[in-house]
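Novice: This structure is in structure tokens; I'll ask about it shortly.
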Amino acid sequence: MSSIVAKMGAEHFDFAVADGVATITLNRPDKLNALTFEAYAELRDLLPTLPHRGDVKALVITGSGRGFCSGGDVEEIIGELVKYETKELLEFTRMTGAVVKNLRELPLPVIAAVNGIAAGAGSVIALASDFRLLAESASFAFLFTRVGLAGADMGSAYLLPRIVGLGRATELLVLGDKVTAERAVAIGLATELVPDAELADRAAALAQRLATGPAFAFSATKVLLTRELDMDLGAAVELEAITQALLMQSDDFAEFYAAWGDGRKPDWKGR
């Protein structure tokens, strides 16, 4: 596949697209990639545009330097929030929650390449991703109670119990203790643990596998996984039946059969 690189004028993080893979790199290494008001807003607004570009089949989120994301910037955000009235505070919390909602509703597979500390909002952004590849130096910390706020923030109390179970989620969200990469793997919070030096290559390889595979099928699978979290079995089976019937009319399904007959690998088009 020829390399087609497109860059967007993102002001508060780095964004690029190459060979079907979009990459968001949080780029404030001196502050462990702490988020600002502007970064939250830009993430919220960028995510829904990705499926409409036509050149993005998968998304990778990572951080520069020695951290993934340390959460909201203490000086630039918390220092301002203590001055806000209730209406302004609700606008802020709804904005941060929209980042997670947009990640989960994005009909593209999302890989969090966690290269260091993922704390506070950073931990929830990783949580909202579909795959969490952790460097050996990576760690999580759901720090919200440590600053006097509810451990349930940005959808964490919805997502985390569904990944690690209610008991573990209660521990992590109430206590806010650091979770090492090894423990994250042990409790099911991580997809894979890799040496620090191999993280970028492993994330790129997985992203390419997703970008060059049956993208329509991957997208439908993510959408159904998200939607069925709150459905009963009958509704879930019916939604899957309708979806499968539609995908059975797709080009990729026909291509699989043709490739099988020819004794070759399918040439997936994502249609």
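Residues are named by chain letter and number: chains run A, B, ... in the order of the structure tokens, numbers start at 1 in each chain, and ligands are numbered from 1 in the order shown.
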Which of stretch 93-246 of chain A end up as strand (DSSP E) when DSSP is run on this backbone - answer as a list in words?
Specialist: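 Filtering stretch 93-246 of chain A to strand (DSSP E) leaves Val110, Ile111, Ala112, Ala113, Val114, Ile117, Ala118, Ala119, Phe131, Arg132, Leu133, Leu134, Ala135, Ser139, Phe140, Ala141, Val179, Thr180, Glu192, Leu193 and Val194 of chain A.
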Novice: Please produce a file of those selected residues containing C-alpha atoms, as a PDB file, in the first residue's frame.
Specialist:
```pdb
ATOM      1  CA  VAL A 110      -9.129   2.496  18.787  1.00  0.00           C
ATOM      2  CA  ILE A 111      -5.750   1.460  20.199  1.00  0.00           C
ATOM      3  CA  ALA A 112      -4.339   3.144  23.290  1.00  0.00           C
ATOM      4  CA  ALA A 113      -0.554   2.745  23.236  1.00  0.00           C
ATOM      5  CA  VAL A 114       0.086   3.491  26.899  1.00  0.00           C
ATOM      6  CA  ILE A 117       1.445   6.975  33.445  1.00  0.00           C
ATOM      7  CA  ALA A 118      -2.247   7.093  32.500  1.00  0.00           C
ATOM      8  CA  ALA A 119      -3.864   8.979  35.347  1.00  0.00           C
ATOM      9  CA  PHE A 131      -7.277  -2.168  22.759  1.00  0.00           C
ATOM     10  CA  ARG A 132      -4.851  -1.162  25.514  1.00  0.00           C
ATOM     11  CA  LEU A 133      -1.231  -1.971  24.687  1.00  0.00           C
ATOM     12  CA  LEU A 134       0.933  -1.266  27.712  1.00  0.00           C
ATOM     13  CA  ALA A 135       4.642  -0.635  27.882  1.00  0.00           C
ATOM     14  CA  SER A 139       0.651   2.370  34.911  1.00  0.00           C
ATOM     15  CA  PHE A 140      -2.913   3.454  35.640  1.00  0.00           C
ATOM     16  CA  ALA A 141      -4.288   5.631  38.432  1.00  0.00           C
ATOM     17  CA  VAL A 179      -1.999   0.001  39.041  1.00  0.00           C
ATOM     18  CA  THR A 180       1.222  -1.348  37.556  1.00  0.00           C
ATOM     19  CA  GLU A 192      -1.030  -6.845  25.946  1.00  0.00           C
ATOM     20  CA  LEU A 193       2.163  -5.967  27.792  1.00  0.00           C
ATOM     21  CA  VAL A 194       5.237  -5.207  25.669  1.00  0.00           C
TER      22      VAL A 194
END
```
Novice: Within 10 Å of A:Thr243, counting only C-alpha atoms, which residues qualify if same-chain residues fewer than 6 places away don't, as a VMD selection string?
Specialist: chain A and resid 217 220 to 221 224 237
Novice: Once you have the residues from the selection above, write them out as an mmCIF file, in the first residue's frame, restricted to C-alpha atoms.
Specialist:
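Ended up saving to selection-v2.cif:
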```cif
data_model
loop_
_atom_site.group_PDB
_atom_site.id
_atom_site.type_symbol
_atom_site.label_atom_id
_atom_site.label_comp_id
_atom_site.auth_asym_id
_atom_site.auth_seq_id
_atom_site.Cartn_x
_atom_site.Cartn_y
_atom_site.Cartn_z
ATOM 1 C CA ALA A 217 -16.829 -6.067 9.839
ATOM 2 C CA ALA A 220 -19.953 -3.411 12.975
ATOM 3 C CA THR A 221 -18.439 -5.561 15.721
ATOM 4 C CA LEU A 224 -22.640 -4.037 18.431
ATOM 5 C CA VAL A 237 -29.783 -11.477 19.000
#
```
Novice: Measuring between only C-alpha atoms, which one of A:Ala254, A:Gly67, A:Thr36, A:Gly155 shows the shortest distance to A:Leu81?
Specialist: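 Under the stated criterion, the closest residue is A:Thr36.
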Novice: Identify which of the residues A:Phe216, A:Leu90, A:Asp19, A:Leu108 lies closest to A:Gln244, counting only C-alpha atoms when measuring atom-to-atom distances.
Specialist: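 Looking only at the distances to A:Gln244, the closest residue turns out to be A:Phe216.
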Novice: Take atom CA of A:Trp268 and atom CA of A:Pro48 and report the distance between them in Å, one decimal.
Specialist: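 Atom-to-atom, atom CA of A:Trp268 and atom CA of A:Pro48 are spaced 24.0 Å apart.
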Novice: Would you pick out the contacts of A:Val21 at 6 Å or less, using only C-alpha atoms, so that residues sharing its chain but fewer than 4 positions from it are not included, and give the list as a PyMOL selection string?
Specialist: chain A and resi 17+56-59
Novice: What does the distance between atom CA of A:Arg28 and atom CA of A:Arg183 come to in Å, to one decimal place?
Specialist: 26.9 Å
Novice: Could you pull out all residues of stretch 67-227 of chain A with a DSSP call of alpha helix (DSSP H) and give them as a PyMOL selection string?
Specialist: chain A and resi 79-81+86-105+121-128+156-164+166-175+181-186+199-212+215-227
Novice: Residues at most 6 Å from A:Cys69, counting only C-alpha atoms, excluding those fewer than 2 positions away in the same chain, as a PDB file with C-alpha atoms, in the first residue's frame?
Specialist:
```pdb
ATOM      1  CA  LEU A  32       3.249  14.275  31.241  1.00  0.00           C
ATOM      2  CA  ASN A  33       0.783  15.297  28.524  1.00  0.00           C
ATOM      3  CA  ALA A  34      -1.682  16.873  30.941  1.00  0.00           C
ATOM      4  CA  GLY A  67       3.853   9.634  29.991  1.00  0.00           C
ATOM      5  CA  GLY A  71      -5.066  13.839  33.374  1.00  0.00           C
ATOM      6  CA  ALA A 118      -2.247   7.093  32.500  1.00  0.00           C
ATOM      7  CA  GLY A 122      -5.781   9.789  30.838  1.00  0.00           C
TER       8      GLY A 122
END
```
Novice: Neighbours of A:Lys31 within 12 Å (only C-alpha atoms; same-chain residues fewer than 5 positions away dropped), as a compact mmCIF listing (two decimals) with N, CA, C and O atoms, in the first residue's frame?
Specialist:
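Below is the file that was written, part_15.txt:
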```
# COMPACT_ATOMS: atom_id res chain seq x y z
N LEU A 26 -0.56 12.96 22.21
CA LEU A 26 -0.61 14.03 23.19
C LEU A 26 0.82 14.52 23.39
O LEU A 26 1.72 13.73 23.65
N THR A 36 -5.54 20.27 28.69
CA THR A 36 -6.06 21.60 28.94
C THR A 36 -7.52 21.67 28.48
O THR A 36 -8.02 20.74 27.85
N GLY A 63 1.11 8.99 23.89
CA GLY A 63 1.68 10.21 24.44
C GLY A 63 3.15 10.34 24.08
O GLY A 63 3.82 9.35 23.78
N SER A 64 3.64 11.54 24.12
CA SER A 64 5.06 11.78 23.85
C SER A 64 5.82 11.77 25.17
O SER A 64 5.26 12.00 26.24
N GLY A 65 7.10 11.45 25.10
CA GLY A 65 7.92 11.44 26.29
C GLY A 65 7.65 10.23 27.18
O GLY A 65 7.37 9.14 26.68
N ARG A 66 7.68 10.43 28.48
CA ARG A 66 7.59 9.31 29.41
C ARG A 66 6.22 9.12 30.03
O ARG A 66 6.06 8.35 30.98
N GLY A 67 5.21 9.79 29.47
CA GLY A 67 3.85 9.63 29.99
C GLY A 67 2.83 9.51 28.89
O GLY A 67 3.01 10.07 27.80
N PHE A 68 1.76 8.78 29.16
CA PHE A 68 0.63 8.71 28.24
C PHE A 68 -0.22 9.96 28.41
O PHE A 68 -0.36 10.77 27.49
N CYS A 69 -0.78 10.14 29.60
CA CYS A 69 -1.55 11.35 29.92
C CYS A 69 -1.78 11.37 31.42
O CYS A 69 -2.35 10.42 31.98
N SER A 70 -1.36 12.44 32.08
CA SER A 70 -1.48 12.53 33.53
C SER A 70 -2.81 13.12 33.98
O SER A 70 -2.99 13.41 35.17
N GLY A 71 -3.75 13.30 33.03
CA GLY A 71 -5.07 13.84 33.37
C GLY A 71 -5.16 15.32 33.09
O GLY A 71 -4.39 15.87 32.31
N GLY A 72 -6.11 15.97 33.75
CA GLY A 72 -6.27 17.40 33.56
C GLY A 72 -5.15 18.18 34.24
O GLY A 72 -4.70 17.83 35.33
N ASP A 73 -4.71 19.23 33.58
CA ASP A 73 -3.63 20.07 34.11
C ASP A 73 -4.09 20.73 35.41
O ASP A 73 -5.10 21.43 35.44
N VAL A 74 -3.34 20.51 36.50
CA VAL A 74 -3.74 21.02 37.82
C VAL A 74 -3.83 22.54 37.82
O VAL A 74 -4.81 23.12 38.31
N GLU A 75 -2.84 23.20 37.26
CA GLU A 75 -2.83 24.66 37.29
C GLU A 75 -3.85 25.24 36.31
O GLU A 75 -4.62 26.14 36.67
N GLU A 76 -3.84 24.74 35.08
CA GLU A 76 -4.66 25.35 34.05
C GLU A 76 -6.14 24.98 34.14
O GLU A 76 -7.00 25.72 33.67
N ILE A 117 2.57 6.79 32.55
CA ILE A 117 1.44 6.97 33.44
C ILE A 117 0.18 7.38 32.68
O ILE A 117 0.21 8.25 31.81
```
Novice: Choose the residue, out of A:Pro214, A:Arg168, A:Val60, A:Val223, that has the smallest atom-to-atom separation from A:Ala186; count only C-alpha atoms.
Specialist: A:Arg168
Novice: Can you work out the spacing between atom CA of A:Ser250 and atom CA of A:Arg271 in Å, to one decimal?
Specialist: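 Spanning atom CA of A:Ser250 to atom CA of A:Arg271 is a straight-line distance of 5.9 Å.
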Novice: Could you give me, as a PyMOL selection string, the residues within 8 Å of A:Gly151, counting only C-alpha atoms and dropping anything in the same chain fewer than 6 positions from it?
Specialist: chain A and resi 142-145+157+173-174+176
